[in-house]
Protein chains: 2
Amino acid sequence: MNTLDKNNMVNIINDEILQYLQKYCGKEMYEPIQYSIKAGGKRFRPMIMLLMCEALCGTYKEAIPFAVAIECIHTYSLIHDDLPSMDNDELRRGLPTCHIQFDEATAILAGDGLLNLAFEIMLDKLEKDFEKKYLKAINCIAIASGTKGMIKGQALDIKAEGKKINEKELFDIYENKTGKLILASIKCGAIIGGANDEQIKIIENMAYKLGIAFQIQDDILDIEGDQDKIGKPINSDLKNDKSTYISIFGLEKAKKDYNILSSQVLEDLEKLNLKDKYIYSYIEKLINRKN
Amino acid sequence: MNTLDKNNMVNIINDEILQYLQKYCGKEMYEPIQYSIKAGGKRFRPMIMLLMCEALCGTYKEAIPFAVAIECIHTYSLIHDDLPSMDNDELRRGLPTCHIQFDEATAILAGDGLLNLAFEIMLDKLEKDFEKKYLKAINCIAIASGTKGMIKGQALDIKAEGKKINEKELFDIYENKTGKLILASIKCGAIIGGANDEQIKIIENMAYKLGIAFQIQDDILDIEGDQDKIGKPINSDLKNDKSTYISIFGLEKAKKDYNILSSQVLEDLEKLNLKDKYIYSYIEKLINRKN
């Protein structure tokens, strides 16, 4: 089947990730890496990549190695983020974090391994089909996950701990720590799906807002969410003495801004005149998530 | 100048690394990354890559991004290796290790950042010159540093701590933990320098032995070396309760095997009929190193 079965998307992505791990991951690191990947949640990043690719007349299968890679990078960032010297979290999505289930050294190596695997998987696709658009997609992800992207966000986040930060500093953390990988997910799907320059511009603008909205929503769920559904203790940001959108602007403004951003995201999506509107309803559903 | 100035090689490599860092590394992570790179020693891996490339009629400049990348990967592996949950080393090359100079979270991120930077730098070269041989070189490095290479070696090394391991297990650690990245350095230089399949085969065989020899030499220097010259405490393997070539075979056999391997490396090199013999004398000098 060349179109993505919309009723079975998470399973399709999970199957693909496990197949790729079986092929590319060395057996010494397989257990902790598979454990951390399997603990994974919504598969939001691979999902929007595949849907964006398909919506732009691409066949989603072309984007699979990149979707797997982005989930590997996301999972590595969570494993390292949870370490005692970072956020020191013992629970994620209702399960012991990697360094609790195994040990710290294993968790560090599992994260390193996942980042490396992401590149191995994407490079192998490029070796099989030596096309410039695939290189463009790899580069897009590489820059987003690096010291001018996700790692920058992580560094800023750590530096901000226990401090009062201002609005600009908060946006800088949100944009880099989570926003850029979300942007890369959507943009990669667009590149592989054959988007033109004008479409890429609209998508970048939309994805930036989606990244920020996603983070504000996380902050709201951290206060109002159901611990069982989120799979981690609520009020954990408060516990870690972290500045959030809510601690700076208050809950009411957070909700208001979240609604404004969400509507803008959906408006931007409409501008793309996509032949397949499924991504629209997926993002709409995501905006209304409760966990 | 298109040929490498042999009297100034380390400086040339150091300058290139710093220039690449200035261009590619985000400012938030620049200080710890630059600190760890600057603390670096012999630049053995980039050096043999450039020399092998040049010896095979390549111009060494083509290989520079890959040489910088391999040193980034080597440095990241040292930073993570030194962490408290790994080898817990406070001193490397006479200087405080990254987590001592900064903190643990920063050291983890600096390592992550360096691995990511390595790929960004190589991918950018491929974006500029879209040639299959560059992709082959990136892939060669990616596999060597991954869960079937360096990370596997690291995982085996940790598992072996405090245990008695056998000869086969020791070789498995040596081959993966250090051997594969050394092999990748030489092979990359050969790929970029335009080696044919027969030459690649000889080089792989030679580089495998060089990797093992290099590790045995490290073990010998850990016992007999001069602490000030090595820049870390001697007998550190004993302290960490690590099996080494010496703890398994004794010092005398270690020295004998080292000499046999070294001669074989030089014999293999002669088979290549290189027009530029400098790499031969460089490796010869390396074999006789005292630190």
# chains A, B, ... in the order shown; residues from 1 in each chain; ligands from 1

$ interface_residues --of "chain B" --to "chain A" --cutoff "7 Å" --atoms "only C-alpha atoms" --output "PyMOL selection string"
chain B and resi 25-26+28-29+85-86+104-105+109+112-113+116-117+120+123+139+142-143+146-148+151-152+155

$ residues_around --residues "stretch 252-264 of chain A" --least-positions-apart "2" --cutoff "12 Å" --atoms "only C-alpha atoms" --output "ChimeraX atom specification"
/A:202-203,205-221,223-224,244-250,266-271,280,283-288

$ select_by_dssp --residues "stretch 161-197 of chain B" --states "helix (DSSP H, G or I)" --output "ChimeraX atom specification"
/B:167-193,197

$ write_last_selection --atoms "N, CA and C atoms" --output "PDB file, in the first residue's frame"
ATOM      1  N   GLU B 167      41.263 -13.750  26.179  1.00  0.00           N
ATOM      2  CA  GLU B 167      41.983 -13.147  25.059  1.00  0.00           C
ATOM      3  C   GLU B 167      41.023 -12.625  23.979  1.00  0.00           C
ATOM      4  N   LYS B 168      40.043 -13.456  23.626  1.00  0.00           N
ATOM      5  CA  LYS B 168      39.110 -13.081  22.556  1.00  0.00           C
ATOM      6  C   LYS B 168      38.316 -11.828  22.945  1.00  0.00           C
ATOM      7  N   GLU B 169      37.894 -11.807  24.207  1.00  0.00           N
ATOM      8  CA  GLU B 169      37.108 -10.660  24.682  1.00  0.00           C
ATOM      9  C   GLU B 169      37.947  -9.375  24.689  1.00  0.00           C
ATOM     10  N   LEU B 170      39.225  -9.532  25.049  1.00  0.00           N
ATOM     11  CA  LEU B 170      40.107  -8.358  25.062  1.00  0.00           C
ATOM     12  C   LEU B 170      40.289  -7.799  23.645  1.00  0.00           C
ATOM     13  N   PHE B 171      40.529  -8.702  22.681  1.00  0.00           N
ATOM     14  CA  PHE B 171      40.693  -8.251  21.297  1.00  0.00           C
ATOM     15  C   PHE B 171      39.425  -7.572  20.793  1.00  0.00           C
ATOM     16  N   ASP B 172      38.283  -8.090  21.211  1.00  0.00           N
ATOM     17  CA  ASP B 172      37.004  -7.511  20.806  1.00  0.00           C
ATOM     18  C   ASP B 172      36.890  -6.067  21.307  1.00  0.00           C
ATOM     19  N   ILE B 173      37.322  -5.847  22.541  1.00  0.00           N
ATOM     20  CA  ILE B 173      37.303  -4.479  23.080  1.00  0.00           C
ATOM     21  C   ILE B 173      38.277  -3.589  22.301  1.00  0.00           C
ATOM     22  N   TYR B 174      39.511  -4.061  22.128  1.00  0.00           N
ATOM     23  CA  TYR B 174      40.532  -3.251  21.451  1.00  0.00           C
ATOM     24  C   TYR B 174      40.126  -2.912  20.026  1.00  0.00           C
ATOM     25  N   GLU B 175      39.620  -3.939  19.338  1.00  0.00           N
ATOM     26  CA  GLU B 175      39.247  -3.717  17.933  1.00  0.00           C
ATOM     27  C   GLU B 175      38.148  -2.662  17.818  1.00  0.00           C
ATOM     28  N   ASN B 176      37.159  -2.744  18.714  1.00  0.00           N
ATOM     29  CA  ASN B 176      36.016  -1.839  18.586  1.00  0.00           C
ATOM     30  C   ASN B 176      36.246  -0.480  19.240  1.00  0.00           C
ATOM     31  N   LYS B 177      36.789  -0.499  20.441  1.00  0.00           N
ATOM     32  CA  LYS B 177      36.886   0.753  21.191  1.00  0.00           C
ATOM     33  C   LYS B 177      37.850   1.747  20.545  1.00  0.00           C
ATOM     34  N   THR B 178      38.991   1.263  20.100  1.00  0.00           N
ATOM     35  CA  THR B 178      39.931   2.192  19.448  1.00  0.00           C
ATOM     36  C   THR B 178      40.233   1.801  18.005  1.00  0.00           C
ATOM     37  N   GLY B 179      40.256   0.499  17.739  1.00  0.00           N
ATOM     38  CA  GLY B 179      40.703   0.033  16.426  1.00  0.00           C
ATOM     39  C   GLY B 179      39.862   0.561  15.270  1.00  0.00           C
ATOM     40  N   LYS B 180      38.551   0.518  15.433  1.00  0.00           N
ATOM     41  CA  LYS B 180      37.697   0.849  14.284  1.00  0.00           C
ATOM     42  C   LYS B 180      37.783   2.317  13.871  1.00  0.00           C
ATOM     43  N   LEU B 181      37.973   3.205  14.842  1.00  0.00           N
ATOM     44  CA  LEU B 181      38.090   4.621  14.466  1.00  0.00           C
ATOM     45  C   LEU B 181      39.450   4.898  13.803  1.00  0.00           C
ATOM     46  N   ILE B 182      40.466   4.174  14.254  1.00  0.00           N
ATOM     47  CA  ILE B 182      41.786   4.302  13.612  1.00  0.00           C
ATOM     48  C   ILE B 182      41.696   3.760  12.183  1.00  0.00           C
ATOM     49  N   LEU B 183      41.055   2.603  12.050  1.00  0.00           N
ATOM     50  CA  LEU B 183      40.860   2.041  10.710  1.00  0.00           C
ATOM     51  C   LEU B 183      40.089   3.024   9.818  1.00  0.00           C
ATOM     52  N   ALA B 184      39.026   3.596  10.369  1.00  0.00           N
ATOM     53  CA  ALA B 184      38.223   4.538   9.573  1.00  0.00           C
ATOM     54  C   ALA B 184      39.053   5.751   9.148  1.00  0.00           C
ATOM     55  N   SER B 185      39.944   6.217  10.037  1.00  0.00           N
ATOM     56  CA  SER B 185      40.777   7.379   9.702  1.00  0.00           C
ATOM     57  C   SER B 185      41.620   7.077   8.464  1.00  0.00           C
ATOM     58  N   ILE B 186      42.289   5.936   8.492  1.00  0.00           N
ATOM     59  CA  ILE B 186      43.179   5.589   7.383  1.00  0.00           C
ATOM     60  C   ILE B 186      42.370   5.291   6.122  1.00  0.00           C
ATOM     61  N   LYS B 187      41.274   4.558   6.304  1.00  0.00           N
ATOM     62  CA  LYS B 187      40.469   4.165   5.139  1.00  0.00           C
ATOM     63  C   LYS B 187      39.830   5.389   4.466  1.00  0.00           C
ATOM     64  N   CYS B 188      39.377   6.324   5.270  1.00  0.00           N
ATOM     65  CA  CYS B 188      38.811   7.558   4.719  1.00  0.00           C
ATOM     66  C   CYS B 188      39.829   8.297   3.874  1.00  0.00           C
ATOM     67  N   GLY B 189      41.034   8.413   4.405  1.00  0.00           N
ATOM     68  CA  GLY B 189      42.100   9.059   3.635  1.00  0.00           C
ATOM     69  C   GLY B 189      42.310   8.335   2.317  1.00  0.00           C
ATOM     70  N   ALA B 190      42.259   7.014   2.363  1.00  0.00           N
ATOM     71  CA  ALA B 190      42.454   6.208   1.153  1.00  0.00           C
ATOM     72  C   ALA B 190      41.305   6.405   0.165  1.00  0.00           C
ATOM     73  N   ILE B 191      40.078   6.419   0.682  1.00  0.00           N
ATOM     74  CA  ILE B 191      38.910   6.609  -0.199  1.00  0.00           C
ATOM     75  C   ILE B 191      38.999   7.960  -0.903  1.00  0.00           C
ATOM     76  N   ILE B 192      39.292   9.000  -0.123  1.00  0.00           N
ATOM     77  CA  ILE B 192      39.347  10.343  -0.709  1.00  0.00           C
ATOM     78  C   ILE B 192      40.554  10.464  -1.637  1.00  0.00           C
ATOM     79  N   GLY B 193      41.651   9.790  -1.289  1.00  0.00           N
ATOM     80  CA  GLY B 193      42.846   9.803  -2.136  1.00  0.00           C
ATOM     81  C   GLY B 193      42.708   8.946  -3.392  1.00  0.00           C
ATOM     82  N   ASP B 197      40.331  -1.011  -5.026  1.00  0.00           N
ATOM     83  CA  ASP B 197      39.824  -2.025  -4.094  1.00  0.00           C
ATOM     84  C   ASP B 197      40.951  -2.849  -3.452  1.00  0.00           C
TER      85      ASP B 197
END

$ atom_distance --atom1 "atom CA of B:Gln19" --atom2 "atom CA of B:Gly58"
22.2 Å

$ atom_distance --atom1 "atom CA of A:Ile79" --atom2 "atom CA of A:Pro46"
18.0 Å

$ residues_around --residues "B:Thr97" --least-positions-apart "5" --cutoff "8 Å" --atoms "only C-alpha atoms" --output "mmCIF file with N, CA and C atoms, in the first residue's frame"
data_model
loop_
_atom_site.group_PDB
_atom_site.id
_atom_site.type_symbol
_atom_site.label_atom_id
_atom_site.label_comp_id
_atom_site.auth_asym_id
_atom_site.auth_seq_id
_atom_site.Cartn_x
_atom_site.Cartn_y
_atom_site.Cartn_z
ATOM 1 N N SER B 36 37.980 21.196 25.315
ATOM 2 C CA SER B 36 38.279 19.764 25.208
ATOM 3 C C SER B 36 39.085 19.454 23.949
ATOM 4 N N ILE B 79 35.535 12.646 26.248
ATOM 5 C CA ILE B 79 34.755 13.413 27.237
ATOM 6 C C ILE B 79 33.759 12.496 27.956
ATOM 7 N N ASP B 82 35.415 9.842 30.214
ATOM 8 C CA ASP B 82 35.979 10.350 31.471
ATOM 9 C C ASP B 82 34.922 10.587 32.549
ATOM 10 N N ASP B 89 37.615 9.787 35.342
ATOM 11 C CA ASP B 89 38.955 10.380 35.296
ATOM 12 C C ASP B 89 38.882 11.894 35.452
ATOM 13 N N GLU B 90 39.739 12.410 36.311
ATOM 14 C CA GLU B 90 39.718 13.851 36.558
ATOM 15 C C GLU B 90 40.798 14.594 35.774
ATOM 16 N N LEU B 91 41.697 13.824 35.187
ATOM 17 C CA LEU B 91 42.835 14.433 34.503
ATOM 18 C C LEU B 91 43.024 13.746 33.159
ATOM 19 N N ARG B 92 43.249 14.523 32.136
ATOM 20 C CA ARG B 92 43.576 13.958 30.821
ATOM 21 C C ARG B 92 44.569 14.882 30.155
#

$ atom_distance --atom1 "atom CA of A:Asn14" --atom2 "atom CA of A:Lys38"
7.9 Å

$ closest_residue --among "A:Ile165, A:Ala195, A:Leu18, A:Ala67" --to "A:Phe44" --atoms "only C-alpha atoms"
A:Ala67
